[in-house]
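Containing PDB, C-alpha atoms: data25.pdb.
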```
ATOM      1  CA  MET A 544      31.765 118.660 183.031
ATOM      2  CA  LEU A 545      34.530 116.139 183.407
ATOM      3  CA  GLN A 546      33.315 114.271 180.417
ATOM      4  CA  ASP A 547      33.402 117.421 178.312
ATOM      5  CA  LEU A 548      36.926 118.192 179.473
ATOM      6  CA  LEU A 549      38.065 114.678 178.628
ATOM      7  CA  THR A 550      36.512 114.939 175.209
ATOM      8  CA  ALA A 551      38.291 118.235 174.567
ATOM      9  CA  VAL A 552      41.637 116.755 175.600
ATOM     10  CA  ILE A 553      41.160 113.793 173.341
ATOM     11  CA  ALA A 554      40.205 116.057 170.461
ATOM     12  CA  ALA A 555      43.269 118.238 171.047
ATOM     13  CA  GLY A 556      45.494 115.177 171.144
ATOM     14  CA  CYS A 557      44.083 113.915 167.884
ATOM     15  CA  THR A 558      44.569 117.293 166.320
ATOM     16  CA  GLY A 559      48.158 117.370 167.514
ATOM     17  CA  LEU A 560      48.809 113.940 166.095
ATOM     18  CA  VAL A 561      47.388 114.945 162.773
ATOM     19  CA  TYR A 562      49.467 118.110 162.740
ATOM     20  CA  LEU A 563      52.590 116.218 163.731
ATOM     21  CA  SER A 564      52.080 113.657 161.032
ATOM     22  CA  ALA A 565      51.570 116.414 158.501
ATOM     23  CA  ALA A 566      54.573 118.443 159.620
ATOM     24  CA  ALA A 567      57.081 115.672 160.252
ATOM     25  CA  ARG A 568      59.539 114.807 157.440
ATOM     26  CA  VAL A 569      62.516 112.458 157.217
ATOM     27  CA  VAL A 570      65.457 113.320 154.955
ATOM     28  CA  LYS A 571      67.738 110.396 154.022
ATOM     29  CA  GLN A 572      71.490 110.452 154.300
ATOM     30  CA  TYR A 573      72.110 110.830 150.568
ATOM     31  CA  GLU A 574      69.464 113.549 150.228
ATOM     32  CA  ARG A 575      69.104 117.208 151.102
ATOM     33  CA  GLY A 576      65.861 119.090 151.742
ATOM     34  CA  VAL A 577      64.840 122.391 150.196
ATOM     35  CA  VAL A 578      61.840 124.073 151.835
ATOM     36  CA  LEU A 579      59.673 126.608 150.022
ATOM     37  CA  ARG A 580      57.310 128.435 152.355
ATOM     38  CA  LEU A 581      54.463 129.992 150.480
ATOM     39  CA  GLY A 582      56.626 129.681 147.334
ATOM     40  CA  ARG A 583      59.724 131.288 148.835
ATOM     41  CA  PHE A 584      62.959 129.541 149.735
ATOM     42  CA  VAL A 585      63.490 129.800 153.502
ATOM     43  CA  GLY A 586      65.542 128.176 156.184
ATOM     44  CA  GLY A 587      68.371 126.972 154.021
ATOM     45  CA  VAL A 588      68.970 123.389 153.030
ATOM     46  CA  ARG A 589      67.646 120.814 155.475
ATOM     47  CA  PRO A 590      70.244 118.227 156.546
ATOM     48  CA  PRO A 591      69.503 114.507 156.596
ATOM     49  CA  GLY A 592      67.386 113.225 159.503
ATOM     50  CA  PHE A 593      64.075 114.256 161.092
ATOM     51  CA  THR A 594      62.772 117.716 160.217
ATOM     52  CA  MET A 595      59.539 119.663 160.649
ATOM     53  CA  ILE A 596      57.691 121.903 158.266
ATOM     54  CA  ILE A 597      54.541 123.926 158.518
ATOM     55  CA  PRO A 598      51.701 121.956 156.980
ATOM     56  CA  PHE A 599      49.889 123.545 154.075
ATOM     57  CA  ALA A 600      52.417 126.408 154.102
ATOM     58  CA  ASP A 601      55.750 124.707 153.489
ATOM     59  CA  ARG A 602      56.709 122.338 150.747
ATOM     60  CA  LEU A 603      59.789 120.162 151.078
ATOM     61  CA  TYR A 604      61.799 119.094 147.974
ATOM     62  CA  LYS A 605      64.252 116.271 148.436
ATOM     63  CA  VAL A 606      67.305 116.390 146.165
ATOM     64  CA  ASN A 607      69.409 113.298 145.573
ATOM     65  CA  MET A 608      73.105 113.983 146.128
ATOM     66  CA  GLN A 609      74.360 110.693 144.671
ATOM     67  CA  ILE A 610      76.302 110.426 141.427
ATOM     68  CA  VAL A 611      73.841 109.925 138.587
ATOM     69  CA  THR A 612      74.667 107.792 135.546
ATOM     70  CA  LEU A 613      72.909 109.235 132.541
ATOM     71  CA  PRO A 614      73.196 107.460 129.179
ATOM     72  CA  ILE A 615      73.238 109.679 126.106
ATOM     73  CA  PRO A 616      71.244 108.322 123.144
ATOM     74  CA  ALA A 617      73.230 107.516 119.998
ATOM     75  CA  GLN A 618      73.784 110.619 117.914
ATOM     76  CA  GLU A 619      74.389 110.487 114.171
ATOM     77  CA  GLY A 620      76.687 113.085 112.730
ATOM     78  CA  ILE A 621      79.285 113.832 110.055
ATOM     79  CA  THR A 622      82.884 114.149 111.088
ATOM     80  CA  ARG A 623      85.277 116.783 109.847
ATOM     81  CA  ASP A 624      86.592 114.404 107.185
ATOM     82  CA  ASN A 625      83.016 113.758 105.898
ATOM     83  CA  VAL A 626      82.358 110.338 107.425
ATOM     84  CA  THR A 627      78.899 109.544 108.779
ATOM     85  CA  VAL A 628      79.078 107.955 112.248
ATOM     86  CA  ARG A 629      76.778 107.138 115.164
ATOM     87  CA  VAL A 630      78.214 107.829 118.616
ATOM     88  CA  ASP A 631      76.715 107.161 122.016
ATOM     89  CA  ALA A 632      78.136 108.153 125.400
ATOM     90  CA  VAL A 633      77.424 108.217 129.125
ATOM     91  CA  VAL A 634      77.554 111.125 131.606
ATOM     92  CA  TYR A 635      78.352 110.886 135.323
ATOM     93  CA  PHE A 636      77.219 113.906 137.347
ATOM     94  CA  LYS A 637      76.013 114.868 140.812
ATOM     95  CA  VAL A 638      74.220 117.784 142.495
ATOM     96  CA  VAL A 639      76.453 120.015 144.575
ATOM     97  CA  ASP A 640      73.946 122.838 145.257
ATOM     98  CA  PRO A 641      70.421 121.530 146.015
ATOM     99  CA  ALA A 642      68.864 125.002 146.106
ATOM    100  CA  ASN A 643      70.021 125.922 142.604
ATOM    101  CA  ALA A 644      69.109 122.469 141.303
ATOM    102  CA  VAL A 645      65.523 123.119 142.444
ATOM    103  CA  ILE A 646      65.254 126.836 141.771
ATOM    104  CA  GLN A 647      67.455 127.539 138.723
ATOM    105  CA  VAL A 648      66.287 124.734 136.442
ATOM    106  CA  GLU A 649      62.986 122.952 136.073
ATOM    107  CA  ASP A 650      64.383 119.441 135.674
ATOM    108  CA  TYR A 651      68.121 119.213 136.005
ATOM    109  CA  ARG A 652      68.250 115.604 134.747
ATOM    110  CA  PHE A 653      66.495 116.473 131.490
ATOM    111  CA  ALA A 654      68.595 119.613 131.109
ATOM    112  CA  VAL A 655      71.844 117.689 131.521
ATOM    113  CA  SER A 656      70.655 115.027 129.049
ATOM    114  CA  GLN A 657      69.812 117.564 126.354
ATOM    115  CA  MET A 658      73.024 119.482 126.884
ATOM    116  CA  ALA A 659      75.015 116.219 126.602
ATOM    117  CA  GLN A 660      73.322 115.308 123.302
ATOM    118  CA  THR A 661      73.987 118.675 121.695
ATOM    119  CA  SER A 662      77.580 118.716 122.943
ATOM    120  CA  LEU A 663      78.140 115.218 121.577
ATOM    121  CA  ARG A 664      76.861 116.212 118.131
ATOM    122  CA  SER A 665      79.087 119.299 118.218
ATOM    123  CA  ILE A 666      82.182 117.311 119.180
ATOM    124  CA  ILE A 667      81.512 114.834 116.352
ATOM    125  CA  GLY A 668      81.482 117.630 113.763
ATOM    126  CA  LYS A 669      84.759 119.088 115.079
ATOM    127  CA  SER A 670      86.686 115.807 115.161
ATOM    128  CA  ASP A 671      88.171 113.450 112.596
ATOM    129  CA  LEU A 672      87.329 109.785 112.358
ATOM    130  CA  ASP A 673      90.780 108.781 113.569
ATOM    131  CA  ASP A 674      90.315 110.912 116.690
ATOM    132  CA  LEU A 675      86.983 109.263 117.452
ATOM    133  CA  LEU A 676      88.562 105.833 117.159
ATOM    134  CA  SER A 677      91.955 106.302 118.784
ATOM    135  CA  ASN A 678      92.035 109.609 120.685
ATOM    136  CA  ARG A 679      88.920 109.266 122.809
ATOM    137  CA  GLU A 680      90.477 110.534 126.025
ATOM    138  CA  LYS A 681      90.967 113.993 124.564
ATOM    139  CA  LEU A 682      87.428 114.018 123.185
ATOM    140  CA  ASN A 683      86.049 112.961 126.564
ATOM    141  CA  GLN A 684      87.759 115.879 128.231
ATOM    142  CA  GLY A 685      86.470 118.322 125.644
ATOM    143  CA  LEU A 686      82.943 116.933 125.936
ATOM    144  CA  GLU A 687      83.100 117.197 129.718
ATOM    145  CA  LEU A 688      84.078 120.860 129.536
ATOM    146  CA  MET A 689      81.263 121.616 127.078
ATOM    147  CA  ILE A 690      78.638 120.073 129.359
ATOM    148  CA  ASP A 691      80.073 121.350 132.632
ATOM    149  CA  SER A 692      80.070 125.030 131.652
ATOM    150  CA  PRO A 693      76.277 125.592 131.761
ATOM    151  CA  ALA A 694      75.710 122.915 134.408
ATOM    152  CA  ILE A 695      77.599 124.875 137.053
ATOM    153  CA  GLY A 696      74.783 127.450 137.230
ATOM    154  CA  TRP A 697      72.300 124.597 137.794
ATOM    155  CA  GLY A 698      74.102 123.350 140.868
ATOM    156  CA  VAL A 699      75.270 120.261 138.964
ATOM    157  CA  GLN A 700      78.860 119.060 138.644
ATOM    158  CA  ILE A 701      79.930 116.814 135.754
ATOM    159  CA  ASP A 702      82.303 114.160 137.052
ATOM    160  CA  ARG A 703      83.091 112.278 133.869
ATOM    161  CA  VAL A 704      81.950 111.788 130.270
ATOM    162  CA  GLU A 705      82.780 108.631 128.308
ATOM    163  CA  ILE A 706      82.197 107.814 124.631
ATOM    164  CA  LYS A 707      80.933 104.235 124.613
ATOM    165  CA  ASP A 708      80.686 103.203 120.996
ATOM    166  CA  VAL A 709      81.313 104.536 117.501
ATOM    167  CA  SER A 710      79.255 102.877 114.762
ATOM    168  CA  LEU A 711      80.586 103.085 111.207
ATOM    169  CA  PRO A 712      78.955 102.242 107.866
ATOM    170  CA  GLU A 713      79.726  98.833 106.390
ATOM    171  CA  SER A 714      81.575 100.345 103.423
ATOM    172  CA  MET A 715      83.826 102.289 105.777
ATOM    173  CA  LYS A 716      84.490  99.160 107.831
ATOM    174  CA  ARG A 717      85.578  97.279 104.714
ATOM    175  CA  SER A 718      87.822 100.154 103.639
ATOM    176  CA  MET A 719      89.447 100.307 107.045
ATOM    177  CA  ALA A 720      89.925  96.532 107.018
ATOM    178  CA  ARG A 721      91.673  96.730 103.634
ATOM    179  CA  GLN A 722      93.840  99.565 104.888
ATOM    180  CA  ALA A 723      94.842  97.613 107.985
ATOM    181  CA  GLU A 724      95.570  94.530 105.878
ATOM    182  CA  ALA A 725      97.735  96.539 103.493
ATOM    183  CA  ASP A 726      99.632  98.069 106.388
ATOM    184  CA  ARG A 727     100.221  94.609 107.895
ATOM    185  CA  ASP A 728     101.422  93.331 104.524
ATOM    186  CA  ARG A 729     103.794  96.275 104.165
ATOM    187  CA  ARG A 730     105.315  95.705 107.582
ATOM    188  CA  ALA A 731     105.652  91.968 106.902
ATOM    189  CA  ARG A 732     107.517  92.651 103.655
ATOM    190  CA  ILE A 733     109.822  95.128 105.335
ATOM    191  CA  ILE A 734     110.638  92.637 108.089
ATOM    192  CA  ASN A 735     111.220  89.888 105.533
ATOM    193  CA  ALA A 736     113.512  92.116 103.461
ATOM    194  CA  ASP A 737     115.457  93.086 106.571
ATOM    195  CA  ALA A 738     115.864  89.411 107.466
ATOM    196  CA  GLU A 739     117.093  88.602 103.957
ATOM    197  CA  PHE A 740     119.583  91.464 104.139
ATOM    198  CA  GLN A 741     120.981  90.285 107.463
ATOM    199  CA  ALA A 742     121.134  86.686 106.245
ATOM    200  CA  SER A 743     122.988  87.733 103.085
ATOM    201  CA  LYS A 744     125.580  89.585 105.170
ATOM    202  CA  LYS A 745     126.135  86.530 107.344
ATOM    203  CA  LEU A 746     126.391  84.276 104.283
ATOM    204  CA  ALA A 747     128.929  86.624 102.728
ATOM    205  CA  GLU A 748     131.018  86.500 105.900
ATOM    206  CA  ALA A 749     130.772  82.698 105.942
ATOM    207  CA  ALA A 750     131.810  82.492 102.284
ATOM    208  CA  GLN A 751     134.794  84.721 102.963
ATOM    209  CA  GLN A 752     135.803  82.545 105.908
ATOM    210  CA  MET A 753     135.534  79.373 103.797
ATOM    211  CA  ALA A 754     137.565  80.995 101.047
ATOM    212  CA  ASP A 755     140.332  81.733 103.536
ATOM    213  CA  THR A 756     140.158  78.179 104.937
ATOM    214  CA  PRO A 757     139.350  75.610 102.198
ATOM    215  CA  ALA A 758     139.064  72.793 104.740
ATOM    216  CA  ALA A 759     135.963  74.445 106.175
ATOM    217  CA  LEU A 760     134.129  73.823 102.904
ATOM    218  CA  GLN A 761     134.873  70.117 103.117
ATOM    219  CA  LEU A 762     133.699  70.002 106.746
ATOM    220  CA  ARG A 763     130.527  71.769 105.781
ATOM    221  CA  LEU A 764     129.982  69.253 103.000
ATOM    222  CA  LEU A 765     130.345  66.375 105.435
ATOM    223  CA  GLN A 766     127.889  68.011 107.837
ATOM    224  CA  THR A 767     125.360  68.333 105.024
ATOM    225  CA  VAL A 768     125.761  64.670 104.114
ATOM    226  CA  THR A 769     125.271  63.718 107.763
ATOM    227  CA  ALA A 770     122.114  65.820 108.009
ATOM    228  CA  VAL A 771     120.663  64.243 104.865
ATOM    229  CA  ALA A 772     121.583  60.697 105.968
ATOM    230  CA  ALA A 773     119.847  61.229 109.333
ATOM    231  CA  GLU A 774     116.441  61.182 107.604
ATOM    232  CA  LYS A 775     116.904  57.486 106.675
ATOM    233  CA  ASN A 776     116.121  58.045 103.035
ATOM    234  CA  SER A 777     116.837  55.514 100.304
ATOM    235  CA  THR A 778     118.347  58.242  98.145
ATOM    236  CA  LEU A 779     121.457  60.062  99.316
ATOM    237  CA  VAL A 780     122.104  63.494  97.869
ATOM    238  CA  LEU A 781     125.747  64.588  97.701
ATOM    239  CA  PRO A 782     126.251  68.266  97.024
ATOM    240  CA  PHE A 783     128.947  69.017  94.475
ATOM    241  CA  PRO A 784     131.229  71.947  95.380
ATOM    242  CA  VAL A 785     131.162  74.769  92.889
ATOM    243  CA  GLU A 786     134.884  75.388  93.452
ATOM    244  CA  LEU A 787     135.688  71.969  91.954
ATOM    245  CA  LEU A 788     133.734  72.836  88.821
ATOM    246  CA  ARG A 789     135.635  76.082  88.513
ATOM    247  CA  PHE A 790     138.939  74.197  88.884
ATOM    248  CA  LEU A 791     138.000  71.778  86.090
ATOM    249  CA  GLU A 792     136.859  74.630  83.909
ATOM    250  CA  LYS A 793     140.185  76.393  84.363
ATOM    251  CA  ALA A 794     142.070  73.163  83.588
ATOM    252  CA  GLN A 795     140.159  72.613  80.336
ATOM    253  CA  GLY A 796     140.384  76.203  79.278
ATOM    254  CA  GLN A 797     144.244  76.275  78.971
ATOM    255  CA  PRO A 798     145.270  76.757  75.236
ATOM    256  CA  PRO A 799     147.688  74.165  73.629
ATOM    257  CA  VAL A 800     151.339  75.110  72.885
ATOM    258  CA  PRO A 801     151.572  76.324  69.240
ATOM    259  CA  SER A 802     154.118  74.547  66.949
ATOM    260  CA  ALA A 803     156.460  76.297  64.529
ATOM    261  CA  PRO A 804     154.894  76.796  61.104
ATOM    262  CA  GLU A 805     156.347  74.752  58.237
ATOM    263  CA  LYS A 806     158.059  76.707  55.463
ATOM    264  CA  PRO A 807     156.385  76.399  52.055
ATOM    265  CA  ARG A 808     158.272  74.602  49.295
ATOM    266  CA  PRO A 809     158.425  75.871  45.677
ATOM    267  CA  LEU A 810     156.256  74.009  43.204
ATOM    268  CA  GLY A 811     157.716  71.941  40.294
ATOM    269  CA  LEU A 812     160.906  70.924  42.135
ATOM    270  CA  THR A 813     161.950  67.483  43.339
ATOM    271  CA  THR A 814     164.636  68.804  45.617
ATOM    272  CA  PRO A 815     164.064  71.088  48.562
ATOM    273  CA  PRO A 816     165.533  74.557  48.380
ATOM    274  CA  GLU A 817     168.062  73.692  51.104
ATOM    275  CA  THR A 818     169.542  70.823  49.005
ATOM    276  CA  ALA A 819     169.654  72.991  45.906
ATOM    277  CA  ALA A 820     171.479  75.637  47.840
ATOM    278  CA  GLU A 821     174.064  73.077  49.005
ATOM    279  CA  ASP A 822     174.585  71.840  45.396
ATOM    280  CA  ALA A 823     175.004  75.367  44.186
ATOM    281  CA  SER A 824     177.629  75.988  46.836
ATOM    282  CA  ALA A 825     179.590  72.775  45.906
ATOM    283  CA  PRO A 826     183.262  73.312  44.812
ATOM    284  CA  ALA A 827     184.155  73.600  41.153
ATOM    285  CA  GLY A 828     186.515  70.585  41.217
ATOM    286  CA  SER A 829     183.878  67.918  41.823
ATOM    287  CA  THR A 830     183.900  65.028  39.344
ATOM    288  CA  GLU A 831     181.338  64.247  36.726
ATOM    289  CA  ALA A 832     180.398  61.008  38.455
ATOM    290  CA  GLU A 833     179.547  62.838  41.567
ATOM    291  CA  VAL A 834     177.407  65.199  39.543
ATOM    292  CA  GLU A 835     175.881  62.299  37.646
ATOM    293  CA  GLY A 836     175.085  60.441  40.874
ATOM    294  CA  THR A 837     173.636  63.523  42.349
ATOM    295  CA  GLY A 838     171.548  64.049  39.271
ATOM    296  CA  GLU A 839     170.250  60.465  39.319
ATOM    297  CA  ALA A 840     169.402  60.702  42.985
ATOM    298  CA  ARG A 841     167.554  63.900  42.356
ATOM    299  CA  LEU A 842     165.730  62.510  39.381
ATOM    300  CA  ASP A 843     164.706  59.333  41.266
ATOM    301  CA  ALA A 844     163.241  61.341  44.159
ATOM    302  CA  GLU A 845     159.518  61.389  44.540
ATOM    303  CA  PRO A 846     157.791  64.519  43.417
ATOM    304  CA  GLU A 847     156.190  66.735  46.001
ATOM    305  CA  PRO A 848     152.390  66.682  46.254
ATOM    306  CA  ALA A 849     150.604  69.210  44.161
ATOM    307  CA  ALA A 850     149.378  72.325  45.778
ATOM    308  CA  LEU A 851     145.780  72.697  46.709
ATOM    309  CA  ASP A 852     143.377  74.128  44.207
ATOM    310  CA  GLY A 853     143.269  77.811  44.320
ATOM    311  CA  ALA A 854     146.609  78.143  46.229
ATOM    312  CA  PRO A 855     149.053  80.655  44.706
ATOM    313  CA  GLU A 856     152.206  79.221  43.084
ATOM    314  CA  ALA A 857     155.573  80.137  44.558
ATOM    315  CA  PRO A 858     158.056  81.835  42.229
ATOM    316  CA  LEU A 859     160.954  79.685  40.830
ATOM    317  CA  ASP A 860     164.490  80.496  41.827
ATOM    318  CA  PRO A 861     166.995  80.324  38.824
ATOM    319  CA  ALA A 862     169.883  79.522  41.165
ATOM    320  CA  SER A 863     168.145  76.397  42.371
ATOM    321  CA  ILE A 864     167.237  75.209  38.810
ATOM    322  CA  ALA A 865     170.722  75.546  37.212
ATOM    323  CA  PRO A 866     172.369  72.507  38.933
ATOM    324  CA  VAL A 867     169.464  70.308  38.055
ATOM    325  CA  ARG A 868     169.652  71.212  34.333
ATOM    326  CA  ALA A 869     173.402  70.589  34.277
ATOM    327  CA  ALA A 870     172.960  67.145  35.779
ATOM    328  CA  ALA A 871     170.236  66.277  33.254
ATOM    329  CA  ASP A 872     172.375  67.348  30.256
ATOM    330  CA  ALA A 873     175.296  65.264  31.486
ATOM    331  CA  ALA A 874     173.146  62.145  31.829
ATOM    332  CA  SER A 875     171.713  62.521  28.335
ATOM    333  CA  ALA A 876     175.148  63.039  26.635
ATOM    334  CA  GLY A 877     176.281  59.567  27.662
ATOM    335  CA  PRO A 878     179.653  58.434  29.034
ATOM    336  CA  PRO A 879     182.857  60.157  27.776
ATOM    337  CA  ASP A 880     185.208  58.549  25.250
ATOM    338  CA  GLN A 881     187.944  56.288  26.562
TER
END
```

This structure in structure tokens:
Amino acid sequence: MLQDLLTAVIAAGCTGLVYLSAAARVVKQYERGVVLRLGRFVGGVRPPGFTMIIPFADRLYKVNMQIVTLPIPAQEGITRDNVTVRVDAVVYFKVVDPANAVIQVEDYRFAVSQMAQTSLRSIIGKSDLDDLLSNREKLNQGLELMIDSPAIGWGVQIDRVEIKDVSLPESMKRSMARQAEADRDRRARIINADAEFQASKKLAEAAQQMADTPAALQLRLLQTVTAVAAEKNSTLVLPFPVELLRFLEKAQGQPPVPSAPEKPRPLGLTTPPETAAEDASAPAGSTEAEVEGTGEARLDAEPEPAALDGAPEAPLDPASIAPVRAAADAASAGPPDQ
């Protein structure tokens, strides 16, 4: 009898141990338990720690409450400005309602992944290439809203969505490189032109200052000579002031003083018109000797050089010829009778 009782106690203890091992469950700190009894959700969400279920009647589902990092495969699409790109992203989400994550959706990870891929393709078609390259923060926010809207009913909260990389065709990369190079060249030319403009203004002010103070030009010339001589060259270059050249040019450019033009003499006469006029104005009482001497002096005078070929002859004045003829007739008549 005692042996039978001991056997029954041992059998009951073994049965209890088996039941306890089948019913005992441990939920970790970052997990929550969802119990379905005979296929129905009962008892609410089990907290972390030790918990018991009914074997063969209850089924415990453990839901991870940590933030999940889900990479989105690269999606190829055409942007709004007709550029083919490949974009990949990453989604950070976590479960906020374990019951809905188990009951409302079959596999919440797969559902979030598919929703992220379709949303990424949709955001590519609505955006320009420049937005994908430079305005990613706005696209991340829009992508997060597109994924988070259906995920709320699944008990999933989207924390953040980030676009990782945008792959462009090689032709587009070369075009963008040429565009960037042209823009850099344009800015460099603008900066250079601005520098030249400022330098020209300063040089104009310096030239005006040197014009007001001529000694400054000489000091500047000496400074230039000193700078050139400091290089220890065998050849010394002396700059020549432009103002000195202008001074010499002005000195050489002055016209000479014009002289009074000489009066033309009548052709065929040995006596200038002034002398003939004086003889004509002589008094009537002059002696024959004086006339004869005057005539001989006039006849012995050298004739004037002939006029140049082609020059017009001056008209003869009868008043100037009459004294000469009178003197010639007197000389030919001989001396008077004693």

Interatomic distance, CA of Leu603 in chain A to CA of Gln657 in chain A (Å, one decimal)
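That distance, rounded to one decimal, is 26.8 Å.
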
Residues at most 12 Å from Ser665 in chain A, counting only C-alpha atoms, excluding those fewer than 6 positions away in the same chain, as a PDB file with C-alpha atoms, in the frame of the given file?
```pdb
ATOM      1  CA  GLN A 618      73.784 110.619 117.914  1.00  0.00           C
ATOM      2  CA  GLU A 619      74.389 110.487 114.171  1.00  0.00           C
ATOM      3  CA  GLY A 620      76.687 113.085 112.730  1.00  0.00           C
ATOM      4  CA  ILE A 621      79.285 113.832 110.055  1.00  0.00           C
ATOM      5  CA  THR A 622      82.884 114.149 111.088  1.00  0.00           C
ATOM      6  CA  ARG A 623      85.277 116.783 109.847  1.00  0.00           C
ATOM      7  CA  VAL A 630      78.214 107.829 118.616  1.00  0.00           C
ATOM      8  CA  MET A 658      73.024 119.482 126.884  1.00  0.00           C
ATOM      9  CA  ALA A 659      75.015 116.219 126.602  1.00  0.00           C
ATOM     10  CA  LEU A 682      87.428 114.018 123.185  1.00  0.00           C
ATOM     11  CA  GLY A 685      86.470 118.322 125.644  1.00  0.00           C
ATOM     12  CA  LEU A 686      82.943 116.933 125.936  1.00  0.00           C
ATOM     13  CA  MET A 689      81.263 121.616 127.078  1.00  0.00           C
ATOM     14  CA  ILE A 690      78.638 120.073 129.359  1.00  0.00           C
TER      15      ILE A 690
END
```

For range 555-568 of chain A, please output as a list in words all residues within 7 Å (counting only C-alpha atoms; exclusion window: fewer than 5 positions along the same chain).
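Contacts, in chain order: Phe593, Thr594, Met595, Ile596, Ile597 and Pro598 of chain A.
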
So that I have them on file, write out the residues from the current selection with C-alpha atoms, as a short mmCIF file (atom, residue, chain, number, x, y, z; two decimals), in the frame of the given file.
```cif
data_model
loop_
_atom_site.label_atom_id
_atom_site.label_comp_id
_atom_site.auth_asym_id
_atom_site.auth_seq_id
_atom_site.Cartn_x
_atom_site.Cartn_y
_atom_site.Cartn_z
CA PHE A 593 64.08 114.26 161.09
CA THR A 594 62.77 117.72 160.22
CA MET A 595 59.54 119.66 160.65
CA ILE A 596 57.69 121.90 158.27
CA ILE A 597 54.54 123.93 158.52
CA PRO A 598 51.70 121.96 156.98
#
```

From the list A:Ile553, A:Ala758, A:Val628, A:Val639, which residue is nearest Lys716 in chain A when using all atoms listed in the file?
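That would be A:Val628, the residue with the smallest distance to Lys716 in chain A.
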
So the first atom is CA of Pro590 in chain A and the second is CA of Val570 in chain A; what is the distance between them in Å, to one decimal place?
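Between these atoms lies a distance of 7.0 Å.
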
Exercise: Ile610 in chain A partners within 7 Å, only C-alpha atoms, chain neighbours under 3 positions left out, as a JSON list (two decimals) with C-alpha atoms, in the frame of the given file:
```json
[["chain", "number", "residue", "atom", "x", "y", "z"],
["A", 635, "TYR", "CA", 78.35, 110.89, 135.32],
["A", 636, "PHE", "CA", 77.22, 113.91, 137.35],
["A", 637, "LYS", "CA", 76.01, 114.87, 140.81]]
```

Chain and number of each residue from the PyMOL selection byres ((chain A and resi 668-671) around 10), as an MDAnalysis selection string:
chainID A and resid 620:627 663:667 672:676 678 682

Include C-alpha atoms and write out the residues we just selected as an mmCIF file, keeping the file's coordinate frame.
```cif
data_model
loop_
_atom_site.group_PDB
_atom_site.id
_atom_site.type_symbol
_atom_site.label_atom_id
_atom_site.label_comp_id
_atom_site.auth_asym_id
_atom_site.auth_seq_id
_atom_site.Cartn_x
_atom_site.Cartn_y
_atom_site.Cartn_z
ATOM 1 C CA GLY A 620 76.687 113.085 112.730
ATOM 2 C CA ILE A 621 79.285 113.832 110.055
ATOM 3 C CA THR A 622 82.884 114.149 111.088
ATOM 4 C CA ARG A 623 85.277 116.783 109.847
ATOM 5 C CA ASP A 624 86.592 114.404 107.185
ATOM 6 C CA ASN A 625 83.016 113.758 105.898
ATOM 7 C CA VAL A 626 82.358 110.338 107.425
ATOM 8 C CA THR A 627 78.899 109.544 108.779
ATOM 9 C CA LEU A 663 78.140 115.218 121.577
ATOM 10 C CA ARG A 664 76.861 116.212 118.131
ATOM 11 C CA SER A 665 79.087 119.299 118.218
ATOM 12 C CA ILE A 666 82.182 117.311 119.180
ATOM 13 C CA ILE A 667 81.512 114.834 116.352
ATOM 14 C CA LEU A 672 87.329 109.785 112.358
ATOM 15 C CA ASP A 673 90.780 108.781 113.569
ATOM 16 C CA ASP A 674 90.315 110.912 116.690
ATOM 17 C CA LEU A 675 86.983 109.263 117.452
ATOM 18 C CA LEU A 676 88.562 105.833 117.159
ATOM 19 C CA ASN A 678 92.035 109.609 120.685
ATOM 20 C CA LEU A 682 87.428 114.018 123.185
#
```

Which residue gives the smallest distance to Lys681 in chain A among A:Glu705, A:Gln647, A:Leu545, A:Ile615, with all atoms listed in the file counted?
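With all atoms listed in the file as the atom set, the closest residue is A:Glu705.
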
Mind listing whatever residues come within 12 Å of the point (67.9, 121.0, 131.9)? Use all atoms listed in the file, file coordinates, and give them as a PyMOL selection string.
chain A and resi 643-660+690+693-699

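Compared by their closest atoms to Val577 in chain A, and using all atoms listed in the file, the residues A:Asn607, A:Gln546, A:Ser710, A:Ser662 rank with A:Asn607 nearest.
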
Counting all atoms listed in the file, find residues at most 6 Å from (77.2, 107.0, 121.6) (file frame) and give them as a VMD selection string.
chain A and resid 617 630 to 632 706 to 708

Starting from the incomplete input, reconstruct N, CA and C atoms of range 679-685 of chain A and report them as a PDB file, in the coordinates of the input.
```pdb
ATOM      1  N   ARG A 679      90.174 109.008 122.108  1.00  0.00           N
ATOM      2  CA  ARG A 679      88.920 109.266 122.809  1.00  0.00           C
ATOM      3  C   ARG A 679      89.112 110.029 124.111  1.00  0.00           C
ATOM      4  N   GLU A 680      90.271 109.862 124.743  1.00  0.00           N
ATOM      5  CA  GLU A 680      90.477 110.534 126.025  1.00  0.00           C
ATOM      6  C   GLU A 680      90.419 112.055 125.868  1.00  0.00           C
ATOM      7  N   LYS A 681      91.021 112.549 124.803  1.00  0.00           N
ATOM      8  CA  LYS A 681      90.967 113.993 124.564  1.00  0.00           C
ATOM      9  C   LYS A 681      89.548 114.448 124.253  1.00  0.00           C
ATOM     10  N   LEU A 682      88.817 113.661 123.490  1.00  0.00           N
ATOM     11  CA  LEU A 682      87.428 114.018 123.185  1.00  0.00           C
ATOM     12  C   LEU A 682      86.553 113.972 124.431  1.00  0.00           C
ATOM     13  N   ASN A 683      86.821 113.027 125.316  1.00  0.00           N
ATOM     14  CA  ASN A 683      86.049 112.961 126.564  1.00  0.00           C
ATOM     15  C   ASN A 683      86.257 114.208 127.412  1.00  0.00           C
ATOM     16  N   GLN A 684      87.500 114.659 127.465  1.00  0.00           N
ATOM     17  CA  GLN A 684      87.759 115.879 128.231  1.00  0.00           C
ATOM     18  C   GLN A 684      87.083 117.100 127.618  1.00  0.00           C
ATOM     19  N   GLY A 685      87.155 117.197 126.291  1.00  0.00           N
ATOM     20  CA  GLY A 685      86.470 118.322 125.644  1.00  0.00           C
ATOM     21  C   GLY A 685      84.966 118.264 125.820  1.00  0.00           C
TER      22      GLY A 685
END
```
